[in-house]
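Colleague: Below is the file final.txt, which contains compact mmCIF, C-alpha atoms.
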```txt
# COMPACT_ATOMS: atom_id res chain seq x y z
CA MET A 1 -22.43 -17.61 -2.32
CA ALA A 2 -23.54 -20.72 -0.48
CA ASP A 3 -26.91 -22.45 -0.76
CA SER A 4 -29.55 -20.47 1.13
CA ASN A 5 -30.51 -23.62 3.08
CA ASN A 6 -27.40 -23.35 5.26
CA GLY A 7 -28.51 -19.97 6.56
CA LEU A 8 -25.77 -17.88 4.97
CA ASN A 9 -28.12 -16.00 2.67
CA ASP A 10 -30.37 -15.29 5.64
CA GLN A 11 -27.38 -13.85 7.48
CA TYR A 12 -26.53 -11.60 4.52
CA MET A 13 -30.13 -10.45 4.35
CA GLU A 14 -30.05 -9.66 8.06
CA MET A 15 -27.00 -7.51 7.30
CA GLY A 16 -28.92 -5.56 4.67
CA ILE A 17 -27.99 -7.41 1.47
CA SER A 18 -31.00 -8.20 -0.70
CA ASN A 19 -31.62 -11.40 -2.64
CA LYS A 20 -31.31 -9.35 -5.80
CA VAL A 21 -27.71 -8.44 -4.98
CA LEU A 22 -26.87 -11.99 -3.82
CA ASP A 23 -28.25 -13.45 -7.05
CA PHE A 24 -26.25 -10.93 -9.08
CA ALA A 25 -22.99 -11.84 -7.34
CA ARG A 26 -23.35 -15.64 -7.18
CA PRO A 27 -22.25 -16.54 -10.75
CA LEU A 28 -19.38 -14.03 -10.63
CA LEU A 29 -17.99 -15.70 -7.52
CA GLY A 30 -18.17 -19.10 -9.19
CA ASP A 31 -16.09 -17.80 -12.10
CA LEU A 32 -13.34 -16.61 -9.74
CA ARG A 33 -12.64 -19.88 -7.90
CA SER A 34 -9.61 -20.97 -9.96
CA ARG A 35 -8.18 -17.45 -9.82
CA PHE A 36 -8.47 -17.42 -6.06
CA GLU A 37 -6.63 -20.75 -5.80
CA LYS A 38 -3.58 -19.17 -7.50
CA ILE A 39 -3.71 -16.23 -5.10
CA ASP A 40 -3.71 -18.66 -2.18
CA GLU A 41 -0.65 -20.39 -3.64
CA THR A 42 1.25 -17.09 -3.68
CA ALA A 43 0.16 -16.46 -0.09
CA GLU A 44 1.44 -19.90 0.93
CA TYR A 45 4.77 -19.27 -0.80
CA ASN A 46 5.19 -15.92 0.95
CA GLN A 47 4.07 -17.40 4.27
CA MET A 48 6.98 -19.84 4.09
CA ARG A 49 9.35 -16.97 3.28
CA VAL A 50 8.13 -14.99 6.29
CA ILE A 51 8.57 -17.96 8.64
CA LYS A 52 12.07 -18.57 7.29
CA ALA A 53 12.97 -14.91 7.77
CA MET A 54 11.81 -15.02 11.39
CA GLN A 55 13.65 -18.26 12.06
CA ASP A 56 16.85 -16.96 10.44
CA ALA A 57 16.60 -13.86 12.65
CA HIS A 58 16.39 -16.14 15.74
CA VAL A 59 13.16 -14.56 16.90
CA GLY A 60 12.49 -15.79 20.42
CA GLU A 61 9.98 -15.05 23.16
CA ALA A 62 12.31 -12.44 24.63
CA CYS A 63 12.03 -10.50 21.36
CA LEU A 64 8.40 -9.73 22.17
CA LEU A 65 9.07 -7.88 25.42
CA GLY A 66 10.16 -4.47 24.17
CA THR A 67 11.95 -1.59 25.87
CA THR A 68 11.28 1.86 27.31
CA GLY A 69 13.29 5.05 27.60
CA TYR A 70 16.21 5.19 25.18
CA GLY A 71 15.59 1.68 23.94
CA TYR A 72 19.21 0.56 24.14
CA ASP A 73 19.97 -3.12 23.45
CA ASP A 74 16.43 -3.87 22.21
CA ILE A 75 16.81 -7.43 20.91
CA GLY A 76 13.19 -7.50 19.75
CA ARG A 77 13.64 -4.40 17.61
CA GLU A 78 16.86 -5.83 16.17
CA GLY A 79 15.21 -9.17 15.43
CA LEU A 80 12.32 -7.46 13.68
CA GLU A 81 14.65 -5.43 11.49
CA LYS A 82 16.66 -8.55 10.63
CA THR A 83 13.37 -10.27 9.70
CA TYR A 84 12.42 -7.44 7.34
CA ALA A 85 15.88 -7.34 5.76
CA GLU A 86 15.83 -11.10 5.23
CA PHE A 87 12.36 -11.13 3.70
CA PHE A 88 12.94 -8.11 1.44
CA ARG A 89 16.40 -9.42 0.48
CA THR A 90 18.24 -6.30 1.59
CA GLU A 91 21.29 -5.64 3.75
CA ASP A 92 19.46 -3.85 6.54
CA ALA A 93 16.12 -2.41 7.60
CA LEU A 94 14.64 0.30 9.81
CA VAL A 95 11.24 -0.69 11.24
CA ARG A 96 9.98 1.78 13.82
CA PRO A 97 6.81 3.08 15.46
CA GLN A 98 8.48 6.50 15.37
CA ILE A 99 7.87 6.51 11.60
CA THR A 100 4.30 7.77 11.64
CA CYS A 101 2.99 6.80 8.18
CA GLY A 102 3.94 5.92 4.61
CA THR A 103 4.48 9.55 3.59
CA HIS A 104 6.76 10.05 6.59
CA ALA A 105 8.75 6.93 5.65
CA LEU A 106 9.18 8.22 2.09
CA ALA A 107 10.13 11.70 3.26
CA LEU A 108 12.63 10.20 5.72
CA ALA A 109 14.23 8.04 3.02
CA LEU A 110 14.52 11.00 0.65
CA MET A 111 15.68 13.65 3.10
CA SER A 112 18.30 11.39 4.68
CA ASN A 113 19.91 10.37 1.40
CA LEU A 114 19.79 13.66 -0.51
CA ARG A 115 21.83 16.80 0.10
CA PRO A 116 21.55 20.42 -1.11
CA GLY A 117 22.50 20.56 -4.77
CA ASP A 118 21.35 17.00 -5.48
CA GLU A 119 18.47 16.18 -7.76
CA MET A 120 15.74 13.60 -7.22
CA MET A 121 14.09 12.05 -10.25
CA SER A 122 10.78 10.22 -10.44
CA ALA A 123 11.03 7.42 -13.01
CA SER A 124 7.31 6.61 -12.71
CA GLY A 125 5.76 9.93 -13.64
CA GLN A 126 3.71 12.06 -11.28
CA PRO A 127 4.14 10.97 -7.64
CA TYR A 128 1.38 10.36 -5.13
CA ASP A 129 -0.45 13.48 -3.95
CA THR A 130 1.07 13.67 -0.45
CA LEU A 131 4.61 13.32 -1.84
CA GLU A 132 4.17 16.49 -3.90
CA GLU A 133 4.53 18.60 -0.76
CA VAL A 134 7.52 16.56 0.42
CA ILE A 135 9.27 17.25 -2.86
CA GLY A 136 8.07 20.84 -3.13
CA ILE A 137 6.04 20.47 -6.33
CA ARG A 138 3.38 22.10 -4.20
CA PRO A 139 5.19 24.53 -1.89
CA SER A 140 5.30 23.37 1.73
CA LYS A 141 7.40 24.09 4.79
CA GLY A 142 10.40 21.80 5.08
CA SER A 143 10.16 20.43 1.52
CA LEU A 144 13.17 19.16 -0.41
CA ALA A 145 12.94 22.28 -2.57
CA GLU A 146 13.49 24.49 0.49
CA TYR A 147 16.77 22.67 1.07
CA GLY A 148 17.99 23.26 -2.49
CA ILE A 149 17.20 19.76 -3.76
CA THR A 150 15.78 19.86 -7.28
CA TYR A 151 13.29 17.54 -8.93
CA ALA A 152 12.95 15.98 -12.37
CA GLN A 153 10.11 13.82 -13.65
CA ALA A 154 10.35 11.13 -16.32
CA ASP A 155 6.78 10.85 -17.53
CA LEU A 156 5.31 7.46 -18.32
CA ASP A 157 4.63 6.35 -21.88
CA GLU A 158 1.20 6.53 -23.49
CA ASN A 159 0.25 3.16 -21.97
CA GLY A 160 1.21 4.18 -18.45
CA HIS A 161 4.48 2.25 -18.29
CA ILE A 162 8.01 3.40 -17.47
CA CYS A 163 9.57 5.15 -20.46
CA PHE A 164 13.31 4.57 -20.84
CA ASP A 165 13.71 7.47 -23.29
CA ASN A 166 12.22 9.90 -20.79
CA ILE A 167 14.49 8.56 -18.04
CA ARG A 168 17.52 9.07 -20.29
CA LYS A 169 16.46 12.66 -20.99
CA CYS A 170 16.04 13.45 -17.26
CA MET A 171 19.23 11.84 -16.01
CA ASN A 172 22.13 14.24 -15.47
CA GLU A 173 25.22 14.78 -13.31
CA LYS A 174 23.09 16.08 -10.42
CA THR A 175 20.80 13.03 -10.29
CA LYS A 176 21.47 11.43 -6.91
CA LEU A 177 18.30 9.42 -6.31
CA VAL A 178 15.65 7.88 -8.57
CA GLU A 179 12.24 7.10 -7.10
CA ILE A 180 9.90 4.45 -8.53
CA GLN A 181 6.32 4.35 -7.25
CA ARG A 182 4.98 0.82 -7.47
CA SER A 183 1.30 1.52 -6.87
CA ARG A 184 -0.73 3.89 -9.00
CA GLY A 185 -1.96 6.31 -6.36
CA TYR A 186 -4.77 8.41 -7.82
CA LEU A 187 -3.45 8.15 -11.39
CA GLU A 188 -4.87 6.25 -14.36
CA ARG A 189 -1.87 4.01 -14.90
CA PRO A 190 -1.01 0.36 -14.21
CA THR A 191 0.64 -0.70 -10.98
CA LEU A 192 4.21 -1.75 -11.69
CA SER A 193 5.15 -5.42 -11.53
CA ILE A 194 8.43 -6.61 -10.02
CA LYS A 195 9.50 -7.55 -13.54
CA GLU A 196 8.94 -4.02 -14.85
CA ILE A 197 10.64 -2.48 -11.81
CA GLY A 198 13.62 -4.79 -12.34
CA GLU A 199 13.92 -3.82 -16.00
CA ALA A 200 13.80 -0.14 -15.08
CA ILE A 201 16.46 -0.56 -12.39
CA LYS A 202 18.75 -2.36 -14.84
CA PHE A 203 18.34 0.45 -17.37
CA ILE A 204 18.92 3.20 -14.80
CA ARG A 205 22.08 1.45 -13.60
CA SER A 206 23.36 1.33 -17.18
CA LEU A 207 23.12 5.13 -17.29
CA LYS A 208 24.47 5.88 -13.80
CA PRO A 209 25.60 2.88 -11.73
CA GLU A 210 26.08 4.82 -8.49
CA VAL A 211 22.62 6.40 -8.37
CA ILE A 212 20.37 5.47 -5.42
CA ILE A 213 17.16 3.74 -6.54
CA MET A 214 14.22 3.88 -4.13
CA VAL A 215 10.93 2.01 -4.56
CA ASP A 216 7.74 3.23 -2.92
CA ASN A 217 6.39 -0.22 -2.08
CA CYS A 218 3.10 0.86 -0.46
CA TYR A 219 0.20 -1.52 -1.17
CA GLY A 220 2.48 -3.89 -3.14
CA GLU A 221 4.06 -6.08 -0.47
CA PHE A 222 3.26 -9.83 -0.66
CA THR A 223 1.25 -9.51 -3.90
CA GLU A 224 4.01 -11.33 -5.82
CA ARG A 225 6.60 -13.92 -4.86
CA GLU A 226 9.46 -11.42 -4.89
CA GLU A 227 9.98 -7.84 -3.70
CA PRO A 228 11.97 -4.94 -5.19
CA GLY A 229 15.05 -5.90 -3.18
CA SER A 230 15.36 -9.00 -5.37
CA VAL A 231 15.78 -6.87 -8.50
CA GLY A 232 18.31 -4.37 -7.21
CA ALA A 233 16.48 -1.59 -5.36
CA ASP A 234 18.68 0.31 -2.88
CA MET A 235 15.71 1.26 -0.71
CA ILE A 236 12.21 -0.17 -0.31
CA VAL A 237 9.82 2.00 1.65
CA GLY A 238 6.36 1.37 3.07
CA SER A 239 3.82 1.76 5.86
CA LEU A 240 3.01 -0.73 8.59
CA ILE A 241 -0.68 0.15 8.53
CA LYS A 242 -0.72 -1.23 5.02
CA ASN A 243 0.24 -4.75 3.89
CA PRO A 244 3.23 -5.66 6.10
CA GLY A 245 1.47 -4.75 9.34
CA GLY A 246 -1.08 -7.48 8.73
CA GLY A 247 -3.84 -5.34 10.22
CA LEU A 248 -2.29 -5.63 13.68
CA ALA A 249 0.45 -2.99 13.65
CA PRO A 250 -1.04 0.13 15.24
CA THR A 251 1.40 2.55 13.58
CA GLY A 252 4.83 2.67 11.97
CA GLY A 253 6.79 2.45 8.76
CA TYR A 254 9.80 0.69 7.31
CA ILE A 255 12.82 1.36 5.12
CA ALA A 256 14.70 -1.72 3.91
CA GLY A 257 17.83 -1.37 1.79
CA THR A 258 21.58 -1.03 1.73
CA LYS A 259 23.37 -0.52 5.02
CA GLU A 260 24.39 3.00 4.03
CA CYS A 261 20.89 4.11 2.99
CA VAL A 262 19.29 2.63 6.09
CA GLU A 263 21.97 4.10 8.36
CA ASN A 264 21.41 7.55 6.81
CA ALA A 265 17.68 7.20 7.46
CA ALA A 266 18.28 6.13 11.07
CA PHE A 267 20.48 9.15 11.78
CA ARG A 268 17.80 11.41 10.31
CA LEU A 269 15.02 9.72 12.28
CA THR A 270 16.82 9.97 15.64
CA SER A 271 20.00 12.05 15.78
CA PRO A 272 23.54 12.13 14.40
CA GLY A 273 25.61 9.86 16.62
CA LEU A 274 22.60 7.83 17.76
CA GLY A 275 21.02 6.28 14.68
CA LYS A 276 19.53 2.80 15.10
CA GLU A 277 20.79 2.42 18.67
CA VAL A 278 17.87 4.31 20.19
CA GLY A 279 14.11 4.20 19.88
CA ALA A 280 12.09 2.34 22.46
CA SER A 281 9.72 -0.30 21.09
CA LEU A 282 7.45 -0.05 24.15
CA GLY A 283 4.82 -2.81 24.00
CA ILE A 284 4.40 -2.79 20.24
CA LEU A 285 6.61 -5.68 19.12
CA PRO A 286 4.11 -8.56 19.42
CA SER A 287 1.73 -6.81 17.00
CA TYR A 288 4.61 -6.07 14.61
CA TYR A 289 5.83 -9.65 14.55
CA GLU A 290 2.41 -11.25 14.41
CA GLY A 291 1.17 -8.73 11.84
CA PHE A 292 4.11 -9.51 9.56
CA PHE A 293 3.46 -13.22 10.08
CA LEU A 294 -0.20 -12.84 9.02
CA ALA A 295 0.47 -10.37 6.20
CA PRO A 296 0.70 -12.86 3.29
CA VAL A 297 -2.74 -14.34 4.02
CA MET A 298 -4.27 -10.94 4.74
CA THR A 299 -2.88 -9.55 1.48
CA ALA A 300 -4.40 -12.50 -0.39
CA ALA A 301 -7.81 -11.69 1.13
CA ALA A 302 -7.48 -8.07 0.02
CA ILE A 303 -6.55 -9.09 -3.54
CA LYS A 304 -9.56 -11.39 -3.72
CA GLY A 305 -11.77 -8.50 -2.60
CA ALA A 306 -10.30 -6.22 -5.26
CA ILE A 307 -10.85 -8.79 -8.01
CA PHE A 308 -14.41 -9.45 -6.84
CA ALA A 309 -15.11 -5.70 -6.89
CA ALA A 310 -13.78 -5.49 -10.46
CA ALA A 311 -15.93 -8.45 -11.53
CA CYS A 312 -19.06 -6.87 -10.08
CA TYR A 313 -18.54 -3.34 -11.31
CA GLU A 314 -17.42 -4.37 -14.78
CA LYS A 315 -20.63 -6.38 -15.01
CA LEU A 316 -22.52 -3.23 -13.98
CA GLY A 317 -20.86 -1.31 -16.82
CA PHE A 318 -18.30 0.80 -14.95
CA GLU A 319 -14.65 1.31 -15.84
CA CYS A 320 -12.42 -0.73 -13.55
CA PHE A 321 -8.68 -0.47 -13.28
CA PRO A 322 -7.16 -3.00 -13.14
CA ARG A 323 -9.72 -5.00 -15.06
CA VAL A 324 -10.93 -8.23 -13.51
CA ALA A 325 -8.68 -10.39 -15.72
CA ASP A 326 -5.51 -8.36 -15.12
CA GLU A 327 -2.62 -9.59 -12.98
CA ARG A 328 -2.39 -7.89 -9.61
CA HIS A 329 0.70 -6.12 -8.29
CA ASP A 330 -0.96 -4.23 -5.44
CA ILE A 331 -4.21 -4.44 -3.48
CA VAL A 332 -5.88 -1.32 -4.90
CA GLN A 333 -8.95 -1.42 -7.15
CA ALA A 334 -10.07 1.74 -8.92
CA ILE A 335 -13.65 2.12 -10.12
CA THR A 336 -14.64 5.14 -12.19
CA PHE A 337 -18.23 6.32 -11.87
CA HIS A 338 -18.30 9.68 -13.72
CA ASN A 339 -20.78 10.59 -10.99
CA ALA A 340 -19.95 12.26 -7.65
CA ASP A 341 -23.00 10.75 -5.91
CA ALA A 342 -21.96 7.24 -6.90
CA GLU A 343 -18.41 7.77 -5.62
CA VAL A 344 -19.73 8.94 -2.26
CA ALA A 345 -22.33 6.13 -2.10
CA PHE A 346 -19.60 3.52 -2.65
CA ALA A 347 -17.55 4.93 0.23
CA GLN A 348 -20.61 5.04 2.45
CA GLY A 349 -21.35 1.39 1.63
CA ILE A 350 -17.84 0.39 2.67
CA GLN A 351 -18.22 2.30 5.94
CA ALA A 352 -21.55 0.60 6.62
CA ALA A 353 -19.85 -2.80 6.24
CA ALA A 354 -17.20 -2.03 8.86
CA PRO A 355 -16.97 -3.70 12.28
CA VAL A 356 -15.98 -0.35 13.80
CA ASP A 357 -17.88 2.92 13.21
CA SER A 358 -20.40 1.30 10.88
CA PHE A 359 -22.92 3.90 12.07
CA VAL A 360 -20.74 6.79 10.80
CA THR A 361 -21.51 8.29 7.38
CA PRO A 362 -18.48 9.62 5.45
CA TYR A 363 -18.78 12.80 3.38
CA PRO A 364 -16.18 14.63 1.25
CA ASP A 365 -13.97 17.07 3.13
CA GLU A 366 -10.52 18.67 3.17
CA MET A 367 -7.64 16.34 4.06
CA PRO A 368 -4.03 17.24 4.97
CA GLY A 369 -1.70 16.70 2.02
CA TYR A 370 -4.43 16.64 -0.66
CA ASP A 371 -5.35 19.40 -3.10
CA ASP A 372 -8.99 18.29 -3.59
CA GLN A 373 -11.66 17.32 -1.13
CA VAL A 374 -11.49 13.58 -0.39
CA VAL A 375 -14.18 11.11 0.60
CA MET A 376 -12.73 8.41 2.83
CA ALA A 377 -14.26 5.30 4.41
CA ALA A 378 -12.29 3.32 6.96
CA GLY A 379 -14.14 1.73 9.84
CA ALA A 380 -10.95 0.20 11.14
CA PHE A 381 -9.45 -1.24 14.32
CA VAL A 382 -6.37 0.89 13.56
CA SER A 383 -7.24 4.49 12.71
CA GLY A 384 -6.56 5.23 9.04
CA SER A 385 -5.48 1.68 8.27
CA THR A 386 -6.08 1.33 4.54
CA VAL A 387 -5.18 -2.35 4.60
CA GLU A 388 -8.40 -2.90 6.47
CA LEU A 389 -11.53 -2.62 4.34
CA SER A 390 -11.44 0.96 3.09
CA ALA A 391 -12.21 3.25 0.18
CA ASP A 392 -11.20 6.76 -0.68
CA GLY A 393 -11.08 9.10 -3.63
CA PRO A 394 -10.59 12.74 -4.56
CA MET A 395 -13.77 14.60 -5.45
CA ARG A 396 -12.78 15.48 -8.97
CA GLU A 397 -13.55 14.25 -12.46
CA PRO A 398 -13.87 11.46 -13.44
CA TYR A 399 -15.00 10.58 -9.87
CA THR A 400 -12.92 7.49 -9.29
CA VAL A 401 -13.00 5.62 -6.00
CA TYR A 402 -10.06 3.56 -4.78
CA PHE A 403 -11.02 0.42 -2.89
CA GLN A 404 -8.53 -1.66 -0.95
CA GLY A 405 -8.03 -3.93 1.99
CA GLY A 406 -9.98 -6.52 3.88
CA LEU A 407 -8.35 -8.47 6.69
CA THR A 408 -10.43 -11.50 5.69
CA TRP A 409 -12.00 -12.54 2.41
CA PRO A 410 -15.54 -12.80 3.88
CA HIS A 411 -15.32 -9.21 5.09
CA ALA A 412 -13.98 -7.97 1.74
CA LYS A 413 -16.82 -9.79 -0.04
CA PHE A 414 -19.41 -8.32 2.30
CA GLY A 415 -18.02 -4.83 1.75
CA VAL A 416 -18.36 -5.13 -2.02
CA LEU A 417 -21.90 -6.44 -1.71
CA LYS A 418 -22.78 -3.56 0.61
CA THR A 419 -21.58 -0.98 -1.92
CA ILE A 420 -23.73 -2.55 -4.62
CA GLN A 421 -26.72 -2.46 -2.29
CA TYR A 422 -26.12 1.21 -1.51
CA LEU A 423 -25.90 2.19 -5.18
CA LEU A 424 -28.96 0.08 -5.99
CA ASP A 425 -31.04 1.60 -3.18
CA ARG A 426 -30.18 5.09 -4.41
CA LYS A 427 -31.08 4.18 -8.00
CA LEU A 428 -27.53 4.86 -9.17
CA ILE A 429 -27.36 1.38 -10.76
CA THR A 430 -29.77 -1.21 -12.07
CA ILE A 431 -29.34 -4.98 -11.84
```
Taking this structure as input, can you express it in the form of structure tokens?
Modeller:
Amino acid sequence: MADSNNGLNDQYMEMGISNKVLDFARPLLGDLRSRFEKIDETAEYNQMRVIKAMQDAHVGEACLLGTTGYGYDDIGREGLEKTYAEFFRTEDALVRPQITCGTHALALALMSNLRPGDEMMSASGQPYDTLEEVIGIRPSKGSLAEYGITYAQADLDENGHICFDNIRKCMNEKTKLVEIQRSRGYLERPTLSIKEIGEAIKFIRSLKPEVIIMVDNCYGEFTEREEPGSVGADMIVGSLIKNPGGGLAPTGGYIAGTKECVENAAFRLTSPGLGKEVGASLGILPSYYEGFFLAPVMTAAAIKGAIFAAACYEKLGFECFPRVADERHDIVQAITFHNADAEVAFAQGIQAAAPVDSFVTPYPDEMPGYDDQVVMAAGAFVSGSTVELSADGPMREPYTVYFQGGLTWPHAKFGVLKTIQYLLDRKLITI
């Protein structure tokens, strides 16, 4: 926090942050300076990789124009998909606004590469809540289970890491596809590093070389210097309103991987016989290209916000996961309150810090795809964009909130300060 003489503290106070909160945060920010420098180095490294990918794909001004109707011969769409494939080190990619969200991208990747009688295995334990209905763990219309595709789950070890023995026990002649979820979702387990994902892929290949290995990459892109494609993943799947959209993509998802896996997904997304050849890009390509270009720096800002949140809330005595000193492999920060009011107050503080809908007050409610009520804060330029400053959490014990995003570091910092102010004002914490 800068010296109050330059007016910054006055600006924070005008925005509702008290001197008490500013004084609490100041020494914590000083301790994080060297850590933030390393994050910026990773962002710079990935920025160079993104530029190279765009140059290698021969992205030109004509690529920004887009198409209508069937979308035949869309050079901008083709250039974008070449850019993704180059950056993620895969053979091909499918990057489309017709993919509505991360769950849709995952469902598309699974349903296009599995057939009745096949079995899908999760190598990373329980999958994210919304994927349970896709698989059929919770019955739902159109699930994999309804199409005769079975499911096996290799639970994690006692420390929350991939367990090779459990994978070995689950693998059988029906296993066609193994899914690895990089981020933790709503579970109390570490996010997986590229190193751990690579070790798991190597082990799985030793058991069944021909099996398809898919990585749910949501929230993990650009947090390290490599991506799952570098360590042998057949498919990498994610949402464009998370990291790779850079806060500019208004919708969409991606699947990067082998030509066969991506082709299967394209035929499922459009129609047999059409595949990647159709799908108008309309006027969306400039935001896709520019969002991907900005994504490394934006991701760095989000990671800084997550670390700052952990520093503050650990100091206040709450359980934080990851802890402030831990390496980061996604942008998500979990804070456990053991108090429903505190979880809701945190989300309301994030909403109050937003540039859009700051006057809206979030409360827990039912959400499609979730079993529990969820409190969700996202005052975003793109509706539901969790890469913008956001927080959400299921209303169940132990009342953990999941904080992520921040298109800029100053906004992420302000959001954290606002949550502390909200909890302080409601006497849910003392400083």
Colleague: Using all atoms listed in the file, can you tell me which of A:Tyr186, A:Tyr128, A:Phe24, A:Tyr254 comes closest to Asp92 of chain A?
Modeller: A:Tyr254
Colleague: What are the closest atom pairs, with distances in Å to one decimal, for all residues of segment 140-209 of chain A lying within 9 Å of segment 129-136 of chain A? Consider only C-alpha atoms, order rows by chain and residue number, and present the result as a Markdown table.
Modeller:
```
| residue | atom | partner | partner_atom | distance |
| --- | --- | --- | --- | --- |
| A:Ser140 | CA | A:Glu133 | CA | 5.4 |
| A:Lys141 | CA | A:Glu133 | CA | 8.3 |
| A:Gly142 | CA | A:Val134 | CA | 7.6 |
| A:Ser143 | CA | A:Val134 | CA | 4.8 |
| A:Leu144 | CA | A:Ile135 | CA | 5.0 |
| A:Ala145 | CA | A:Gly136 | CA | 5.1 |
| A:Glu146 | CA | A:Gly136 | CA | 7.5 |
| A:Ile149 | CA | A:Ile135 | CA | 8.4 |
| A:Thr150 | CA | A:Ile135 | CA | 8.3 |
| A:Tyr151 | CA | A:Ile135 | CA | 7.3 |
| A:Gly185 | CA | A:Asp129 | CA | 7.7 |
| A:Tyr186 | CA | A:Asp129 | CA | 7.7 |
```
Colleague: Given the selection you just returned, output its residues as a file containing C-alpha atoms, formatted as a short mmCIF file (atom, residue, chain, number, x, y, z; two decimals), keeping the file's coordinate frame.
Modeller:
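Output (selection.cif):
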```cif
data_model
loop_
_atom_site.label_atom_id
_atom_site.label_comp_id
_atom_site.auth_asym_id
_atom_site.auth_seq_id
_atom_site.Cartn_x
_atom_site.Cartn_y
_atom_site.Cartn_z
CA SER A 140 5.30 23.37 1.73
CA LYS A 141 7.40 24.09 4.79
CA GLY A 142 10.40 21.80 5.08
CA SER A 143 10.16 20.43 1.52
CA LEU A 144 13.17 19.16 -0.41
CA ALA A 145 12.94 22.28 -2.57
CA GLU A 146 13.49 24.49 0.49
CA ILE A 149 17.20 19.76 -3.76
CA THR A 150 15.78 19.86 -7.28
CA TYR A 151 13.29 17.54 -8.93
CA GLY A 185 -1.96 6.31 -6.36
CA TYR A 186 -4.77 8.41 -7.82
#
```
Colleague: Please determine, counting all atoms listed in the file, which residue among A:Pro228, A:Gly291, A:Gly273, A:Gly283 has the shortest atom-to-atom distance to Leu248 of chain A.
Modeller: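 Looking only at the distances to Leu248 of chain A, the closest residue turns out to be A:Gly291.
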Colleague: Give me, please, the distance in Å between atom CA of Gly198 of chain A and atom CA of Glu91 of chain A, quoted to one decimal.
Modeller: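 Going from atom CA of Gly198 of chain A over to atom CA of Glu91 of chain A, I get 17.8 Å.
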Colleague: Using all atoms of segment 424-427 of chain A that appear in the file, construct an axis-aligned enclosing box with 4 Å of padding on every side and provide its centre coordinates and edge lengths in Å, rounded to one decimal, as JSON.
Modeller:
```
{"center_x": -30.0, "center_y": 2.6, "center_z": -5.6, "size_x": 10.1, "size_y": 13.0, "size_z": 12.8}
```
Colleague: Would you mind telling me which residue in A:Cys312, A:Cys101, A:Met298, A:Ile429 lies nearest to Thr42 of chain A when using only C-alpha atoms?
Modeller: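 Closest residue, counting only C-alpha atoms: A:Met298.
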Colleague: Return the single residue from A:Gly60, A:Pro190, A:Gly79, A:Pro394 that is closest to Arg323 of chain A, with distances computed using all atoms listed in the file.
Modeller: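 When distances to Arg323 of chain A are compared using all atoms listed in the file, the smallest one comes from A:Pro190.
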Colleague: Kindly give the distance, in Å, that separates atom CA of Ile197 of chain A and atom CA of Ala233 of chain A, rounded to a single decimal.
Modeller: 8.7 Å
Colleague: Do you know which residues are at most 8 Å from Phe403 of chain A counting all atoms listed in the file, after dropping those on the same chain fewer than 3 positions away, and could you put them as a PDB file with C-alpha atoms, in the frame of the given file?
Modeller:
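Now in around_26.pdb:
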```
ATOM      1  CA  ALA A 306     -10.300  -6.220  -5.260  1.00  0.00           C
ATOM      2  CA  VAL A 332      -5.880  -1.320  -4.900  1.00  0.00           C
ATOM      3  CA  GLN A 333      -8.950  -1.420  -7.150  1.00  0.00           C
ATOM      4  CA  ALA A 334     -10.070   1.740  -8.920  1.00  0.00           C
ATOM      5  CA  ILE A 335     -13.650   2.120 -10.120  1.00  0.00           C
ATOM      6  CA  LEU A 389     -11.530  -2.620   4.340  1.00  0.00           C
ATOM      7  CA  SER A 390     -11.440   0.960   3.090  1.00  0.00           C
ATOM      8  CA  ALA A 391     -12.210   3.250   0.180  1.00  0.00           C
ATOM      9  CA  ASP A 392     -11.200   6.760  -0.680  1.00  0.00           C
TER      10      ASP A 392
END
```
Colleague: Would you mind reading off the distance between atom CA of Gln348 of chain A and atom CA of Asn243 of chain A, one decimal, in Å?
Modeller: 23.1 Å
Colleague: At a cut-off of 7 Å, using all atoms listed in the file, what residues contact Glu343 of chain A? Leave out same-chain residues fewer than 4 positions from it and give the result as an MDAnalysis selection string.
Modeller: chainID A and resid 337 339 347 399:401
Colleague: Please provide the set of residues having any atom within 10 Å of Thr430 of chain A, restricted to all atoms listed in the file, with same-chain residues fewer than 6 positions apart removed, written as a ChimeraX atom specification.
Modeller: /A:316,420,423-424
Colleague: Between A:Ala340, A:Ala325, A:Ser18, A:Glu81, which is the closest to Lys418 of chain A once you count all atoms listed in the file?
Modeller: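 For Lys418 of chain A, the nearest of the candidates is A:Ser18.
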Colleague: Which one is closest to Pro139 of chain A: A:Gly369, A:Lys304, A:Ala107, A:Glu196? Count all atoms listed in the file.
Modeller: A:Gly369
Colleague: What lies within 9 Å of Glu221 of chain A using only C-alpha atoms, ignoring chain neighbours under 3 positions off, as JSON, numbers by chain?
Modeller: {"A": [217, 218, 224, 226, 227, 238, 242, 243, 244, 295, 296, 299, 329, 330, 331]}
Colleague: List as a short mmCIF file (atom, residue, chain, number, x, y, z; two decimals) with C-alpha atoms, in the coordinates of the input the protein and nucleic acid residues near Gly245 of chain A, meaning an atom at most 10 Å away when all atoms listed in the file are counted, but skip any in the same chain fewer than 4 places from it.
Modeller:
```cif
data_model
loop_
_atom_site.label_atom_id
_atom_site.label_comp_id
_atom_site.auth_asym_id
_atom_site.auth_seq_id
_atom_site.Cartn_x
_atom_site.Cartn_y
_atom_site.Cartn_z
CA SER A 239 3.82 1.76 5.86
CA LEU A 240 3.01 -0.73 8.59
CA ILE A 241 -0.68 0.15 8.53
CA ALA A 249 0.45 -2.99 13.65
CA PRO A 250 -1.04 0.13 15.24
CA THR A 251 1.40 2.55 13.58
CA GLY A 252 4.83 2.67 11.97
CA GLY A 253 6.79 2.45 8.76
CA SER A 287 1.73 -6.81 17.00
CA TYR A 288 4.61 -6.07 14.61
CA TYR A 289 5.83 -9.65 14.55
CA GLU A 290 2.41 -11.25 14.41
CA GLY A 291 1.17 -8.73 11.84
CA PHE A 292 4.11 -9.51 9.56
CA PHE A 293 3.46 -13.22 10.08
CA LEU A 294 -0.20 -12.84 9.02
CA ALA A 295 0.47 -10.37 6.20
CA MET A 298 -4.27 -10.94 4.74
CA SER A 385 -5.48 1.68 8.27
CA VAL A 387 -5.18 -2.35 4.60
#
```
